[in-house]
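All remarks here apply to the structure that follows.
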Amino acid sequence: MPEGTISFEVEAPVERVWAFLSDMRKVGSCVPGVQSVEILDDKRARWNLQVKIGPLTQDIQVMTETTDQIPLNHGRFRGAADNMEITGTIDLAPAENGTKVTYTMAVQSKGPLARIMDNFLRSRLKGQTEEFAANVRKALEG
């Protein structure tokens with residue numbers, strides 16, 4: 001199962017970082033490829049992603065759910081689409097100049113093209129987590 005992890009610091013207090021990353025619409029705006037976020041309730045949202053696979057572009061609808069939260073410290077989520085399942089965590093800790101964020105995302109492909117998709121995702125997840133980190137920093141640090 002392809003997995004990407006990144007740790008980065010944000011020059012903002014833990015409370016502000018937590019409020020931002022706990023908001024499904026705001027965090028969705030930082031995830032590469034997300035075109036729109038529809039909030040369904042306080043724990044679930046529908047994300048519409050556009051994914052480029054070589055010369056092809058595919059629209060994917062992902063149902064996301066927050067499965068666990070320890071305010072100001074830890075969040076766990078999962079997402080499901082027709083051909084993949086996503087799990088992830090976000091952990092926060094005070095840092096010298098703000099907040100340390102550790103973000104992990106794992107993707108499990110399903111269906112007849114699972115092996116091909118896993119190889120593709122494995123090659124892209126590092127860049128995706130780095131882009132997510134840059135987007136969060138930009139949103140919170142201005």
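If you're wondering about the labels, chains in the structure tokens are A, B, ... by order shown, residues count from 1 in each chain, ligands from 1 in order shown.
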
Point to revise | Secondary structure check, alpha helix (DSSP H) residues of region 5-142 of chain A, as number ranges by chain | key: A: 14-21, 24-30, 114-141

Output N, CA and C atoms of each residue in that selection to a file, as a short mmCIF file (atom, residue, chain, number, x, y, z; two decimals), in the first residue's frame.
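Here's the written file selection04.cif:
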data_model
loop_
_atom_site.label_atom_id
_atom_site.label_comp_id
_atom_site.auth_asym_id
_atom_site.auth_seq_id
_atom_site.Cartn_x
_atom_site.Cartn_y
_atom_site.Cartn_z
N VAL A 14 -0.67 26.26 17.92
CA VAL A 14 -1.35 24.96 17.77
C VAL A 14 -2.85 25.14 17.61
N GLU A 15 -3.46 26.02 18.39
CA GLU A 15 -4.91 26.21 18.35
C GLU A 15 -5.36 26.65 16.95
N ARG A 16 -4.62 27.55 16.34
CA ARG A 16 -4.99 28.04 15.00
C ARG A 16 -4.78 26.95 13.94
N VAL A 17 -3.69 26.20 14.06
CA VAL A 17 -3.43 25.12 13.11
C VAL A 17 -4.51 24.04 13.24
N TRP A 18 -4.87 23.69 14.47
CA TRP A 18 -5.91 22.69 14.70
C TRP A 18 -7.24 23.14 14.11
N ALA A 19 -7.62 24.40 14.36
CA ALA A 19 -8.89 24.90 13.84
C ALA A 19 -8.91 24.81 12.31
N PHE A 20 -7.79 25.13 11.67
CA PHE A 20 -7.71 25.06 10.21
C PHE A 20 -7.80 23.62 9.71
N LEU A 21 -6.99 22.73 10.28
CA LEU A 21 -6.93 21.35 9.80
C LEU A 21 -8.16 20.53 10.20
N MET A 24 -13.04 20.61 7.35
CA MET A 24 -12.93 19.76 6.15
C MET A 24 -12.84 20.57 4.86
N ARG A 25 -13.48 21.72 4.83
CA ARG A 25 -13.43 22.54 3.61
C ARG A 25 -12.04 23.16 3.47
N LYS A 26 -11.48 23.66 4.57
CA LYS A 26 -10.16 24.31 4.51
C LYS A 26 -9.06 23.28 4.22
N VAL A 27 -9.08 22.15 4.92
CA VAL A 27 -8.04 21.15 4.68
C VAL A 27 -8.18 20.58 3.26
N GLY A 28 -9.40 20.43 2.79
CA GLY A 28 -9.63 19.95 1.43
C GLY A 28 -9.03 20.88 0.39
N SER A 29 -9.06 22.19 0.67
CA SER A 29 -8.50 23.15 -0.28
C SER A 29 -6.99 23.03 -0.39
N CYS A 30 -6.35 22.35 0.56
CA CYS A 30 -4.89 22.16 0.54
C CYS A 30 -4.47 20.84 -0.10
N ALA A 114 -5.50 -2.35 -9.80
CA ALA A 114 -4.94 -1.98 -8.50
C ALA A 114 -3.42 -1.95 -8.50
N ARG A 115 -2.79 -2.95 -9.06
CA ARG A 115 -1.32 -2.99 -9.04
C ARG A 115 -0.73 -1.82 -9.82
N ILE A 116 -1.30 -1.51 -10.97
CA ILE A 116 -0.81 -0.39 -11.78
C ILE A 116 -1.02 0.93 -11.02
N MET A 117 -2.20 1.09 -10.42
CA MET A 117 -2.49 2.31 -9.66
C MET A 117 -1.56 2.44 -8.46
N ASP A 118 -1.30 1.34 -7.75
CA ASP A 118 -0.40 1.40 -6.59
C ASP A 118 0.99 1.86 -7.02
N ASN A 119 1.50 1.34 -8.13
CA ASN A 119 2.82 1.76 -8.61
C ASN A 119 2.82 3.23 -8.98
N PHE A 120 1.76 3.69 -9.63
CA PHE A 120 1.64 5.10 -9.99
C PHE A 120 1.58 5.97 -8.74
N LEU A 121 0.74 5.59 -7.79
CA LEU A 121 0.58 6.37 -6.56
C LEU A 121 1.87 6.40 -5.74
N ARG A 122 2.56 5.28 -5.69
CA ARG A 122 3.82 5.21 -4.95
C ARG A 122 4.80 6.27 -5.44
N SER A 123 4.82 6.48 -6.75
CA SER A 123 5.74 7.45 -7.33
C SER A 123 5.28 8.89 -7.12
N ARG A 124 4.01 9.11 -6.82
CA ARG A 124 3.47 10.46 -6.70
C ARG A 124 3.21 10.93 -5.27
N LEU A 125 3.12 10.01 -4.30
CA LEU A 125 2.71 10.41 -2.95
C LEU A 125 3.68 11.37 -2.27
N LYS A 126 4.97 11.20 -2.47
CA LYS A 126 5.92 12.12 -1.84
C LYS A 126 5.67 13.55 -2.30
N GLY A 127 5.51 13.74 -3.58
CA GLY A 127 5.21 15.07 -4.12
C GLY A 127 3.88 15.60 -3.64
N GLN A 128 2.89 14.72 -3.52
CA GLN A 128 1.56 15.12 -3.05
C GLN A 128 1.61 15.60 -1.60
N THR A 129 2.35 14.88 -0.74
CA THR A 129 2.43 15.29 0.67
C THR A 129 3.22 16.60 0.79
N GLU A 130 4.26 16.77 -0.03
CA GLU A 130 5.02 18.02 -0.01
C GLU A 130 4.16 19.20 -0.46
N GLU A 131 3.35 18.98 -1.48
CA GLU A 131 2.45 20.04 -1.96
C GLU A 131 1.40 20.38 -0.91
N PHE A 132 0.87 19.36 -0.22
CA PHE A 132 -0.08 19.59 0.86
C PHE A 132 0.56 20.47 1.94
N ALA A 133 1.78 20.12 2.35
CA ALA A 133 2.49 20.89 3.39
C ALA A 133 2.68 22.33 2.96
N ALA A 134 3.10 22.55 1.73
CA ALA A 134 3.30 23.91 1.22
C ALA A 134 1.98 24.69 1.21
N ASN A 135 0.90 24.03 0.84
CA ASN A 135 -0.41 24.70 0.81
C ASN A 135 -0.89 25.07 2.20
N VAL A 136 -0.67 24.19 3.18
CA VAL A 136 -1.07 24.49 4.57
C VAL A 136 -0.25 25.68 5.09
N ARG A 137 1.06 25.64 4.86
CA ARG A 137 1.91 26.75 5.32
C ARG A 137 1.46 28.06 4.69
N LYS A 138 1.21 28.04 3.40
CA LYS A 138 0.79 29.27 2.70
C LYS A 138 -0.53 29.79 3.26
N ALA A 139 -1.47 28.90 3.52
CA ALA A 139 -2.78 29.31 4.03
C ALA A 139 -2.69 29.89 5.44
N LEU A 140 -1.82 29.32 6.27
CA LEU A 140 -1.74 29.76 7.67
C LEU A 140 -0.73 30.87 7.92
N GLU A 141 0.28 30.96 7.08
CA GLU A 141 1.31 31.97 7.29
C GLU A 141 1.11 33.19 6.39
#

Practice item. Find the residues near region 61-72 of chain A: any atom within 12 Å, counting only C-alpha atoms, skip ones fewer than 3 places away on the same chain, and give them as a ChimeraX atom specification. Key: /A:13-25,27-28,33-51,58,75-94,99-101

Study note, to complete from the structure: From CA of Ser7 (chain A) to CA of Lys110 (chain A) the spacing works out at 28.1 Å

Check your understanding: Just asking: which residues within region 21-90 of chain A are strand (DSSP E or B) according to DSSP, as a ChimeraX atom specification?
Key -> /A:34-39,44-53,56-70,74-81,84-90

Review point. Out of A:Glu96, A:Tyr103, A:Asn73, A:Gly142, which residue has the shortest atom-to-atom distance to Ile6 (chain A) when counting only C-alpha atoms?
Key: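 When distances to Ile6 (chain A) are compared using only C-alpha atoms, the smallest one comes from A:Tyr103.
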